[in-house]
$ cat structure_20.cif   # mmCIF, C-alpha atoms and all ligand atoms
data_final
#
loop_
_atom_site.label_atom_id
_atom_site.label_comp_id
_atom_site.auth_asym_id
_atom_site.auth_seq_id
_atom_site.Cartn_x
_atom_site.Cartn_y
_atom_site.Cartn_z
CA ALA A 29 113.68 136.06 121.69
CA LEU A 30 115.22 132.60 121.48
CA ILE A 31 113.66 129.97 123.74
CA THR A 32 114.05 126.19 123.95
CA LEU A 33 111.84 123.62 122.27
CA ARG A 34 110.84 122.35 125.71
CA GLN A 35 109.59 125.80 126.79
CA LEU A 36 107.61 126.26 123.60
CA LEU A 37 106.07 122.80 123.45
CA ASP A 38 105.12 122.84 127.15
CA HIS A 39 103.19 126.05 126.42
CA ALA A 40 101.69 124.48 123.29
CA ALA A 41 100.53 121.45 125.28
CA GLU A 42 99.01 123.58 128.03
CA ASN A 43 97.13 125.58 125.42
CA ALA A 44 96.38 122.71 123.00
CA TYR A 45 98.03 124.06 119.87
CA GLY A 46 100.69 122.85 117.41
CA VAL A 47 103.77 124.67 116.13
CA PRO A 48 105.04 124.46 112.57
CA ALA A 49 108.79 123.89 112.27
CA PHE A 50 109.88 125.50 109.03
CA ASN A 51 113.24 124.70 107.47
CA ILE A 52 115.51 127.66 106.88
CA ASN A 53 118.57 127.97 104.64
CA ASN A 54 118.77 131.64 103.72
CA MET A 55 117.74 135.19 104.55
CA GLU A 56 114.68 135.24 102.31
CA GLN A 57 113.13 132.21 104.02
CA GLY A 58 113.94 133.72 107.42
CA LEU A 59 112.35 137.07 106.58
CA ALA A 60 109.26 135.51 105.01
CA ILE A 61 108.62 133.13 107.94
CA MET A 62 109.14 135.86 110.55
CA LYS A 63 106.84 138.24 108.70
CA ALA A 64 104.11 135.59 108.94
CA ALA A 65 104.87 134.93 112.61
CA GLU A 66 104.60 138.65 113.37
CA ALA A 67 101.35 139.02 111.40
CA CYS A 68 99.84 136.10 113.35
CA ASP A 69 101.53 136.80 116.69
CA ALA A 70 102.77 133.21 116.58
CA PRO A 71 105.84 131.56 118.09
CA VAL A 72 107.89 129.64 115.55
CA ILE A 73 110.47 126.89 115.20
CA LEU A 74 113.20 127.62 112.65
CA GLN A 75 115.06 124.44 111.85
CA ALA A 76 118.30 123.93 109.96
CA SER A 77 119.29 120.61 108.44
CA ARG A 78 122.90 119.50 108.13
CA GLY A 79 122.57 120.59 104.50
CA ALA A 80 121.38 124.05 105.56
CA ARG A 81 124.29 124.41 107.96
CA SER A 82 126.80 123.66 105.25
CA TYR A 83 124.93 125.82 102.69
CA ALA A 84 124.72 129.00 104.79
CA GLY A 85 127.48 128.24 107.30
CA ASP A 86 127.03 128.07 111.06
CA ILE A 87 128.23 131.64 111.60
CA MET A 88 125.82 133.04 109.02
CA LEU A 89 122.91 131.03 110.41
CA ARG A 90 123.57 132.12 113.97
CA HIS A 91 123.82 135.81 113.10
CA MET A 92 120.85 135.61 110.75
CA VAL A 93 118.62 134.16 113.44
CA GLU A 94 119.95 136.69 115.97
CA ALA A 95 119.09 139.44 113.47
CA LEU A 96 115.59 138.03 112.95
CA CYS A 97 115.05 137.98 116.73
CA GLU A 98 116.23 141.59 116.94
CA MET A 99 113.86 142.60 114.13
CA TYR A 100 110.92 140.79 115.76
CA PRO A 101 111.50 141.16 119.53
CA ASP A 102 108.00 140.01 120.45
CA ILE A 103 108.20 136.65 118.67
CA HIS A 104 109.43 133.57 120.49
CA VAL A 105 111.77 131.55 118.28
CA VAL A 106 113.33 128.11 118.68
CA LEU A 107 116.47 127.43 116.62
CA HIS A 108 116.49 123.68 116.07
CA GLN A 109 118.86 121.21 114.41
CA ASP A 110 116.78 119.08 112.03
CA HIS A 111 117.85 115.41 111.75
CA GLY A 112 121.13 115.38 113.64
CA ASN A 113 122.92 112.16 112.69
CA ASN A 114 125.41 111.85 115.58
CA ASP A 115 126.69 113.49 118.78
CA ALA A 116 129.06 115.82 116.93
CA THR A 117 126.33 117.33 114.75
CA CYS A 118 124.08 117.97 117.76
CA LEU A 119 126.77 119.34 120.06
CA SER A 120 128.26 121.65 117.43
CA ALA A 121 124.77 123.00 116.73
CA ILE A 122 124.32 123.85 120.41
CA ARG A 123 127.74 125.51 120.43
CA HIS A 124 126.54 127.66 117.51
CA GLY A 125 123.48 128.93 119.37
CA PHE A 126 120.84 126.30 118.58
CA THR A 127 118.46 125.92 121.54
CA SER A 128 117.27 122.50 120.45
CA VAL A 129 118.50 119.50 118.51
CA MET A 130 116.99 116.47 116.90
CA MET A 131 119.06 113.36 117.46
CA ASP A 132 117.67 111.07 114.77
CA GLY A 133 118.80 107.63 115.89
CA SER A 134 116.05 105.87 113.94
CA LEU A 135 118.65 105.65 111.20
CA GLU A 136 122.35 105.00 111.47
CA GLU A 137 124.86 107.79 111.00
CA ASP A 138 124.57 107.53 107.19
CA MET A 139 120.88 108.52 107.59
CA LYS A 140 119.90 105.67 105.27
CA THR A 141 120.17 102.40 107.18
CA PRO A 142 117.41 101.69 109.72
CA ALA A 143 119.07 101.42 113.16
CA SER A 144 118.37 99.02 116.02
CA PHE A 145 116.25 100.11 119.00
CA GLU A 146 119.30 99.68 121.25
CA TYR A 147 121.48 101.93 119.11
CA ASN A 148 118.73 104.56 119.02
CA VAL A 149 118.19 104.53 122.79
CA GLU A 150 121.92 104.70 123.51
CA ILE A 151 122.80 107.62 121.23
CA THR A 152 119.64 109.61 122.06
CA ARG A 153 120.17 109.14 125.79
CA ARG A 154 123.79 110.31 125.45
CA VAL A 155 122.90 113.42 123.44
CA THR A 156 120.02 114.27 125.78
CA THR A 157 122.29 114.11 128.84
CA ALA A 158 124.82 116.43 127.17
CA ALA A 159 122.18 118.83 125.81
CA HIS A 160 120.27 119.09 129.08
CA ALA A 161 123.52 119.89 130.90
CA VAL A 162 123.73 123.12 128.89
CA GLY A 163 119.99 123.90 128.77
CA ALA A 164 119.18 122.72 125.24
CA SER A 165 116.25 120.49 124.27
CA VAL A 166 116.25 117.21 122.36
CA GLU A 167 113.86 115.62 119.89
CA GLY A 168 114.27 111.87 119.36
CA GLU A 169 112.73 109.73 116.62
CA LEU A 170 111.37 106.22 116.91
CA GLY A 171 110.19 104.37 113.81
CA VAL A 172 111.42 104.77 110.27
CA LEU A 173 109.70 107.31 108.06
CA GLY A 174 108.55 105.74 104.84
CA SER A 175 105.74 104.86 102.51
CA LEU A 176 103.11 102.34 103.57
CA GLU A 177 102.16 102.15 99.87
CA SER A 178 105.54 100.96 98.62
CA GLY A 179 107.17 99.72 101.83
CA GLU A 180 110.14 101.92 101.08
CA ALA A 181 111.91 103.77 103.84
CA ALA A 182 112.52 107.43 103.17
CA ALA A 183 115.97 108.88 103.61
CA GLU A 184 116.39 112.35 105.07
CA ASP A 185 116.42 113.95 101.62
CA GLY A 186 113.30 112.16 100.39
CA SER A 187 115.24 109.57 98.38
CA GLY A 188 114.73 105.88 99.14
CA ALA A 189 116.68 104.25 101.97
CA GLU A 190 117.99 100.67 101.94
CA GLY A 191 115.54 97.88 101.16
CA LYS A 192 111.88 97.25 101.83
CA LEU A 193 110.41 97.59 105.27
CA SER A 194 107.41 95.97 106.92
CA HIS A 195 104.39 97.87 108.21
CA ASP A 196 105.73 97.29 111.73
CA GLN A 197 108.96 99.14 111.03
CA LEU A 198 107.12 102.00 109.32
CA LEU A 199 104.72 102.62 112.21
CA THR A 200 105.99 103.54 115.67
CA ASP A 201 105.05 100.97 118.30
CA PRO A 202 103.31 102.64 121.30
CA ASP A 203 104.88 100.36 123.94
CA GLN A 204 108.34 100.86 122.48
CA ALA A 205 107.69 104.60 122.42
CA MET A 206 106.99 104.54 126.14
CA GLU A 207 110.20 102.61 126.81
CA PHE A 208 112.17 104.96 124.53
CA VAL A 209 111.00 108.17 126.20
CA MET A 210 111.60 106.80 129.70
CA ALA A 211 115.09 105.57 128.80
CA THR A 212 116.25 108.66 126.87
CA ARG A 213 114.43 111.51 128.68
CA CYS A 214 114.07 113.29 125.34
CA ASP A 215 111.81 116.37 125.30
CA ALA A 216 109.86 115.51 122.16
CA LEU A 217 109.33 112.35 120.14
CA ALA A 218 109.11 112.14 116.37
CA ILE A 219 106.96 109.22 115.30
CA ALA A 220 106.37 107.35 112.06
CA CYS A 221 102.78 107.16 110.80
CA GLY A 222 103.15 106.74 107.03
CA THR A 223 104.47 110.16 106.06
CA SER A 224 107.78 110.59 104.26
CA HIS A 225 109.99 113.49 103.29
CA GLY A 226 109.73 115.34 100.00
CA ALA A 227 106.90 115.94 97.54
CA TYR A 228 106.08 112.32 96.62
CA LYS A 229 104.41 111.00 99.76
CA PHE A 230 101.24 109.41 98.41
CA THR A 231 100.06 108.38 94.93
CA ARG A 232 96.47 109.21 95.88
CA GLN A 233 94.52 111.21 98.44
CA PRO A 234 95.60 109.47 101.66
CA ASP A 235 93.17 107.47 103.79
CA GLY A 236 93.71 105.51 107.01
CA GLU A 237 95.42 102.69 105.08
CA ILE A 238 98.40 104.80 104.05
CA LEU A 239 98.34 107.62 106.62
CA SER A 240 97.91 106.13 110.06
CA MET A 241 96.54 108.80 112.38
CA GLU A 242 95.39 105.82 114.46
CA THR A 243 99.07 105.20 115.32
CA ILE A 244 99.29 108.72 116.76
CA ARG A 245 96.12 108.17 118.77
CA ARG A 246 97.54 104.96 120.23
CA ILE A 247 100.91 106.54 121.09
CA ASN A 248 99.20 109.50 122.73
CA GLU A 249 97.12 107.10 124.82
CA LYS A 250 100.31 105.54 126.23
CA LEU A 251 102.27 108.80 126.43
CA PRO A 252 99.79 111.60 127.13
CA ASN A 253 102.52 113.89 128.47
CA THR A 254 105.04 113.52 125.63
CA HIS A 255 105.25 116.15 122.93
CA LEU A 256 104.79 114.34 119.61
CA VAL A 257 106.42 115.45 116.36
CA MET A 258 105.19 114.76 112.83
CA HIS A 259 107.85 114.78 110.13
CA GLY A 260 107.08 114.83 106.43
CA SER A 261 104.09 117.07 107.10
CA SER A 262 103.98 119.09 103.90
CA SER A 263 100.55 119.13 102.30
CA VAL A 264 101.97 119.49 98.77
CA PRO A 265 99.00 121.69 97.85
CA GLN A 266 97.50 121.38 94.41
CA TYR A 267 97.70 125.16 93.80
CA LEU A 268 101.49 125.02 94.18
CA GLN A 269 101.82 121.94 91.97
CA ASP A 270 99.77 123.86 89.38
CA LEU A 271 101.80 127.07 89.76
CA ILE A 272 105.01 125.12 89.14
CA ASN A 273 103.62 123.03 86.27
CA GLU A 274 101.93 125.99 84.55
CA ASN A 275 105.28 127.71 84.43
CA GLY A 276 107.47 125.10 82.81
CA GLY A 277 107.88 122.73 85.76
CA HIS A 278 107.42 118.96 85.59
CA MET A 279 106.15 117.69 88.92
CA PRO A 280 104.14 114.47 88.46
CA GLN A 281 100.76 114.56 90.26
CA THR A 282 101.24 113.78 93.95
CA TRP A 283 99.51 114.00 97.35
CA GLY A 284 100.81 115.18 100.71
CA VAL A 285 99.41 115.25 104.23
CA PRO A 286 96.07 117.10 104.26
CA VAL A 287 96.07 120.02 106.73
CA GLU A 288 92.86 118.59 108.29
CA GLU A 289 94.78 115.43 109.22
CA ILE A 290 97.47 117.54 110.91
CA GLU A 291 94.72 119.35 112.81
CA ARG A 292 93.46 115.94 113.99
CA GLY A 293 97.04 115.08 114.99
CA ILE A 294 97.31 118.27 117.06
CA ALA A 295 94.12 117.28 118.89
CA MET A 296 95.93 113.98 119.70
CA GLY A 297 99.16 115.42 121.10
CA VAL A 298 101.18 116.45 118.04
CA ARG A 299 102.99 119.66 119.01
CA LYS A 300 105.72 120.11 116.35
CA VAL A 301 104.90 119.83 112.65
CA ASN A 302 107.86 119.71 110.23
CA ILE A 303 107.34 121.51 106.92
CA ASP A 304 110.01 122.06 104.27
CA THR A 305 108.69 120.87 100.90
CA ASP A 306 105.67 123.23 100.89
CA CYS A 307 107.99 126.18 101.59
CA ARG A 308 110.30 125.14 98.74
CA MET A 309 107.36 124.81 96.37
CA ALA A 310 105.96 128.22 97.34
CA MET A 311 109.22 129.98 96.52
CA THR A 312 110.03 127.96 93.42
CA GLY A 313 106.52 128.43 92.05
CA GLN A 314 106.98 132.19 92.10
CA PHE A 315 110.54 131.99 90.71
CA ARG A 316 109.13 130.04 87.78
CA ARG A 317 106.18 132.38 87.29
CA VAL A 318 108.40 135.45 87.13
CA ALA A 319 110.86 133.70 84.81
CA THR A 320 107.98 132.71 82.50
CA GLU A 321 106.04 135.98 82.57
CA LYS A 322 109.04 138.32 82.46
CA PRO A 323 111.82 136.69 80.49
CA GLU A 324 113.53 140.09 80.25
CA GLU A 325 113.85 140.33 84.05
CA PHE A 326 117.27 139.82 85.64
CA ASP A 327 117.04 141.59 89.01
CA PRO A 328 116.97 138.73 91.56
CA ARG A 329 114.79 140.80 93.89
CA LYS A 330 112.00 140.71 91.30
CA PHE A 331 112.05 136.93 91.83
CA THR A 332 112.61 136.82 95.58
CA ILE A 333 109.96 139.38 96.56
CA PRO A 334 106.97 137.40 95.17
CA ALA A 335 108.63 134.18 96.36
CA MET A 336 108.79 135.55 99.91
CA GLU A 337 105.17 136.74 99.69
CA GLU A 338 104.02 133.26 98.64
CA LEU A 339 105.99 131.71 101.51
CA THR A 340 104.58 134.22 104.02
CA ALA A 341 101.02 133.39 102.90
CA LEU A 342 101.68 129.66 103.32
CA CYS A 343 103.18 130.12 106.81
CA ARG A 344 100.29 132.35 107.90
CA ASP A 345 97.84 129.66 106.85
CA ARG A 346 99.65 127.00 108.90
CA PHE A 347 99.92 129.25 111.99
CA GLU A 348 96.20 129.87 111.81
CA ARG A 349 95.17 126.27 111.16
CA PHE A 350 97.49 124.80 113.83
CA GLY A 351 96.26 127.22 116.51
CA THR A 352 99.71 128.85 116.81
CA ALA A 353 98.33 132.27 115.94
CA GLY A 354 97.99 134.56 118.95
CA GLN A 355 100.30 132.45 121.14
CA SER A 356 103.66 134.26 121.00
O1 LIG A 401 114.18 116.41 106.40
C1 LIG A 401 114.70 116.99 105.46
C2 LIG A 401 114.47 118.45 105.26
O2 LIG A 401 113.50 118.62 104.25
C3 LIG A 401 115.78 119.14 104.94
O3 LIG A 401 116.26 118.80 103.69
O4 LIG A 401 118.61 118.04 104.03
O5 LIG A 401 117.84 118.90 101.81
O6 LIG A 401 118.14 120.47 103.72
P1 LIG A 401 117.81 119.07 103.29
P1 LIG A 402 108.40 117.68 104.19
O1 LIG A 402 109.34 117.15 103.15
O2 LIG A 402 107.08 117.00 104.15
O3 LIG A 402 108.28 119.15 104.15
O4 LIG A 402 109.03 117.30 105.64
C1 LIG A 402 110.06 118.05 106.20
C2 LIG A 402 110.67 117.40 107.40
O5 LIG A 402 110.17 116.44 107.97
C3 LIG A 402 111.92 117.99 107.89
O6 LIG A 402 112.45 117.27 108.97
NA NA A 403 113.37 117.70 113.56
ZN ZN A 404 112.12 115.20 108.94
#
$ encode --input "structure_20.cif" --output "C-alpha cells"
Amino acid sequence: ALITLRQLLDHAAENAYGVPAFNINNMEQGLAIMKAAEACDAPVILQASRGARSYAGDIMLRHMVEALCEMYPDIHVVLHQDHGNNDATCLSAIRHGFTSVMMDGSLEEDMKTPASFEYNVEITRRVTTAAHAVGASVEGELGVLGSLESGEAAAEDGSGAEGKLSHDQLLTDPDQAMEFVMATRCDALAIACGTSHGAYKFTRQPDGEILSMETIRRINEKLPNTHLVMHGSSSVPQYLQDLINENGGHMPQTWGVPVEEIERGIAMGVRKVNIDTDCRMAMTGQFRRVATEKPEEFDPRKFTIPAMEELTALCRDRFERFGTAGQS
C-alpha cells in the first residue's frame, strides 16, 4: 500500500533502520525492486525524477505503481518525486498520486546554479505548506552536492554545475540546517557530505577527506529528530564495473560510497538513501553480457530477465545491509 515518506521515516527512526530510495523509470525496474522488497519483507521508496516522469509519462507511472502495490499488497511503498525544481513540479506530482516530493531549492530552477539560503527557505517552506495541506511529505536539501576532490558542484544528472565551490558550500552547515528545518517544516533533509550523482564520485577509495561522515554526525547532533537523506549514495561496485567493461563497455575506474559508510550514516540518523547509478549499472551490465555472449539473440526479454535478476540481487543486498529487511 502507498504511504507517505513521513510515515515510513518515522517508523525507520523508531526502529533505527534506513530505507533505500530507488529510482524508477519503467516496468522492469519496478518489478525487480518490488520482487526484492517482497523477498526481504522491506518497505521501499520508489522515486521518479523529472526525467522519469517525462520518459514514462505521469499516467503510466501512476498506474504502474498502483499495479505494483496491487501485486505486492503487504509491502509499504512511498512514491516520491526526486529533485523537484519548483512548485509546479512538486504539486503536479502530488496530483498524479505521489505521496512525497523533494523540493530541491539548493539549486535554482535550472538545477545547475547554486541558490541562496533565502531562496531555498522560501520555496521549500511554500511547497511544504501546500503539500502538508493535502497530506503529502516533503524532502528539502541544504548544501550543494559536489566533489570535495575537484570543488565542482554536481548537477542533477551528474554533469558539472556552474563554477568551483568552496568546501563550505559543499558541506551542509549544522547550524544552518537547524534554521532551515525550523523555518520550512520539511519532513526530511537532504544534506551534502561530499557525495555527487552518477558513477564518477571519487578518483580513489574515499576517506574522511573526501567523504565527510563527520558532517552527518555534526548535523545529527544538532537535529537528532530530523530524518536525514543521503543523495549520490551508489556504491559503484567493482563487480558491476567489471561486468560492463568485460562486455565491451568503457567505464574508467571509479569509486562510489562504500556500503559500510552508509551503514555508519544510518547509525547517525540517515533514513533515506538515494540509489540510481548502481541500479542502472546492474541492468546495463546484464544487457551487455547477453549482447556479447549471444549475438544471435533479439528477443528483448532475454536481455531484460537477467537485467531484472541483477537489479533484484542488488536491491536485496541494500535492504539487508540498511536494516530495512523485515520492516514492511
Ligand atoms: O538525481 C538524479 C537521478 O539519478 C535521476 O537521474 O534525471 O537522469 O532520471 P535522471
Ligand atoms: P547515485 O547517482 O549515486 O545513484 O544517486 C542518485 C540520487 O541521489 C538520486 O537523487
Ligand atoms: Na530525493
Ligand atoms: Zn539526488
$ residues_around --input "structure_20.cif" --residues "A:Val298" --least-positions-apart "3" --cutoff "8 Å" --atoms "only C-alpha atoms" --output "list in words"
Gly46, His255, Leu256, Val257, Met258, Gly293, Ile294, Ala295 and Val301 of chain A
$ write_last_selection --input "structure_20.cif" --atoms "C-alpha atoms" --output "mmCIF file, in the coordinates of the input"
data_model
loop_
_atom_site.group_PDB
_atom_site.id
_atom_site.type_symbol
_atom_site.label_atom_id
_atom_site.label_comp_id
_atom_site.auth_asym_id
_atom_site.auth_seq_id
_atom_site.Cartn_x
_atom_site.Cartn_y
_atom_site.Cartn_z
ATOM 1 C CA GLY A 46 100.690 122.850 117.410
ATOM 2 C CA HIS A 255 105.250 116.150 122.930
ATOM 3 C CA LEU A 256 104.790 114.340 119.610
ATOM 4 C CA VAL A 257 106.420 115.450 116.360
ATOM 5 C CA MET A 258 105.190 114.760 112.830
ATOM 6 C CA GLY A 293 97.040 115.080 114.990
ATOM 7 C CA ILE A 294 97.310 118.270 117.060
ATOM 8 C CA ALA A 295 94.120 117.280 118.890
ATOM 9 C CA VAL A 301 104.900 119.830 112.650
#
$ closest_residue --input "structure_20.cif" --among "A:Gln75, A:Thr305, A:Ser82, A:Thr141" --to "ligand LIG 402 (chain A)" --atoms "all atoms listed in the file"
A:Thr305
$ residues_near_ligand --input "structure_20.cif" --ligand "ligand NA 403 (chain A)" --cutoff "7 Å" --atoms "only C-alpha atoms and all ligand atoms" --output "PDB file with C-alpha atoms, keeping the file's coordinate frame"
ATOM      1  CA  GLN A 109     118.860 121.210 114.410  1.00  0.00           C
ATOM      2  CA  ASP A 110     116.780 119.080 112.030  1.00  0.00           C
ATOM      3  CA  HIS A 111     117.850 115.410 111.750  1.00  0.00           C
ATOM      4  CA  MET A 130     116.990 116.470 116.900  1.00  0.00           C
ATOM      5  CA  GLU A 167     113.860 115.620 119.890  1.00  0.00           C
ATOM      6  CA  ASN A 302     107.860 119.710 110.230  1.00  0.00           C
TER       7      ASN A 302
END
$ closest_residue --input "structure_20.cif" --among "A:Glu66, A:Glu274, A:Asp304, A:Glu291" --to "ligand ZN 404 (chain A)" --atoms "all atoms listed in the file"
A:Asp304
$ closest_residue --input "structure_20.cif" --among "A:Glu94, A:Glu338, A:Glu288, A:Glu169" --to "ligand LIG 402 (chain A)" --atoms "only C-alpha atoms and all ligand atoms"
A:Glu169
$ residues_near_ligand --input "structure_20.cif" --ligand "ligand LIG 401 (chain A)" --cutoff "8 Å" --atoms "only C-alpha atoms and all ligand atoms" --output "short mmCIF file (atom, residue, chain, number, x, y, z; two decimals) with C-alpha atoms, in the coordinates of the input"
data_model
loop_
_atom_site.label_atom_id
_atom_site.label_comp_id
_atom_site.auth_asym_id
_atom_site.auth_seq_id
_atom_site.Cartn_x
_atom_site.Cartn_y
_atom_site.Cartn_z
CA ASN A 51 113.24 124.70 107.47
CA ASN A 53 118.57 127.97 104.64
CA ALA A 76 118.30 123.93 109.96
CA SER A 77 119.29 120.61 108.44
CA ARG A 78 122.90 119.50 108.13
CA GLY A 79 122.57 120.59 104.50
CA ALA A 80 121.38 124.05 105.56
CA ASP A 110 116.78 119.08 112.03
CA HIS A 111 117.85 115.41 111.75
CA GLU A 184 116.39 112.35 105.07
CA ASP A 185 116.42 113.95 101.62
CA GLY A 186 113.30 112.16 100.39
CA HIS A 225 109.99 113.49 103.29
CA GLY A 226 109.73 115.34 100.00
CA HIS A 259 107.85 114.78 110.13
CA GLY A 260 107.08 114.83 106.43
CA ILE A 303 107.34 121.51 106.92
CA ASP A 304 110.01 122.06 104.27
CA THR A 305 108.69 120.87 100.90
#
$ atom_distance --input "structure_20.cif" --atom1 "atom CA of A:Asp138" --atom2 "atom CA of A:Gly112"
10.7 Å
$ closest_residue --input "structure_20.cif" --among "A:Pro48, A:Leu107, A:Ile290, A:Asp86" --to "A:Arg344" --atoms "all atoms listed in the file"
A:Pro48
$ axis_aligned_box --input "structure_20.cif" --around "ligand LIG 402 (chain A)" --padding-each-side "4 Å" --output "AutoDock Vina command-line options"
--center_x 109.8 --center_y 117.8 --center_z 106.1 --size_x 13.4 --size_y 10.7 --size_z 13.8
$ closest_residue --input "structure_20.cif" --among "A:Gly58, A:Gly163, A:Pro286, A:Gly174" --to "ligand ZN 404 (chain A)" --atoms "all atoms listed in the file"
A:Gly174
$ residues_around --input "structure_20.cif" --residues "A:Leu176" --least-positions-apart "4" --cutoff "9 Å" --atoms "only C-alpha atoms" --output "VMD selection string"
chain A and resid 180 to 181 193 to 195 198 to 199 221 to 223 230 237 to 239
$ residues_around --input "structure_20.cif" --residues "A:Val172" --least-positions-apart "4" --cutoff "8 Å" --atoms "all atoms listed in the file" --output "number ranges by chain"
A: 134-135, 142, 181-182, 197-200, 220
$ atom_distance --input "structure_20.cif" --atom1 "atom CA of A:Asp306" --atom2 "atom CA of A:Pro202"
29.1 Å
$ atom_distance --input "structure_20.cif" --atom1 "atom CA of A:Phe145" --atom2 "atom CA of A:Asp203"
12.4 Å
$ closest_residue --input "structure_20.cif" --among "A:Arg292, A:Arg316, A:His124, A:Lys140" --to "A:Phe350" --atoms "only C-alpha atoms"
A:Arg292
$ residues_near_point --input "structure_20.cif" --point "(111.8, 123.0, 119.5)" --cutoff "10 Å" --atoms "only C-alpha atoms" --output "PDB file with C-alpha atoms, keeping the file's coordinate frame"
ATOM      1  CA  ILE A  31     113.660 129.970 123.740  1.00  0.00           C
ATOM      2  CA  THR A  32     114.050 126.190 123.950  1.00  0.00           C
ATOM      3  CA  LEU A  33     111.840 123.620 122.270  1.00  0.00           C
ATOM      4  CA  ARG A  34     110.840 122.350 125.710  1.00  0.00           C
ATOM      5  CA  GLN A  35     109.590 125.800 126.790  1.00  0.00           C
ATOM      6  CA  LEU A  36     107.610 126.260 123.600  1.00  0.00           C
ATOM      7  CA  LEU A  37     106.070 122.800 123.450  1.00  0.00           C
ATOM      8  CA  VAL A  47     103.770 124.670 116.130  1.00  0.00           C
ATOM      9  CA  PRO A  48     105.040 124.460 112.570  1.00  0.00           C
ATOM     10  CA  ALA A  49     108.790 123.890 112.270  1.00  0.00           C
ATOM     11  CA  VAL A  72     107.890 129.640 115.550  1.00  0.00           C
ATOM     12  CA  ILE A  73     110.470 126.890 115.200  1.00  0.00           C
ATOM     13  CA  LEU A  74     113.200 127.620 112.650  1.00  0.00           C
ATOM     14  CA  GLN A  75     115.060 124.440 111.850  1.00  0.00           C
ATOM     15  CA  VAL A 105     111.770 131.550 118.280  1.00  0.00           C
ATOM     16  CA  VAL A 106     113.330 128.110 118.680  1.00  0.00           C
ATOM     17  CA  LEU A 107     116.470 127.430 116.620  1.00  0.00           C
ATOM     18  CA  HIS A 108     116.490 123.680 116.070  1.00  0.00           C
ATOM     19  CA  GLN A 109     118.860 121.210 114.410  1.00  0.00           C
ATOM     20  CA  ASP A 110     116.780 119.080 112.030  1.00  0.00           C
ATOM     21  CA  PHE A 126     120.840 126.300 118.580  1.00  0.00           C
ATOM     22  CA  THR A 127     118.460 125.920 121.540  1.00  0.00           C
ATOM     23  CA  SER A 128     117.270 122.500 120.450  1.00  0.00           C
ATOM     24  CA  VAL A 129     118.500 119.500 118.510  1.00  0.00           C
ATOM     25  CA  MET A 130     116.990 116.470 116.900  1.00  0.00           C
ATOM     26  CA  ALA A 164     119.180 122.720 125.240  1.00  0.00           C
ATOM     27  CA  SER A 165     116.250 120.490 124.270  1.00  0.00           C
ATOM     28  CA  VAL A 166     116.250 117.210 122.360  1.00  0.00           C
ATOM     29  CA  GLU A 167     113.860 115.620 119.890  1.00  0.00           C
ATOM     30  CA  ASP A 215     111.810 116.370 125.300  1.00  0.00           C
ATOM     31  CA  ALA A 216     109.860 115.510 122.160  1.00  0.00           C
ATOM     32  CA  VAL A 257     106.420 115.450 116.360  1.00  0.00           C
ATOM     33  CA  ARG A 299     102.990 119.660 119.010  1.00  0.00           C
ATOM     34  CA  LYS A 300     105.720 120.110 116.350  1.00  0.00           C
TER      35      LYS A 300
END
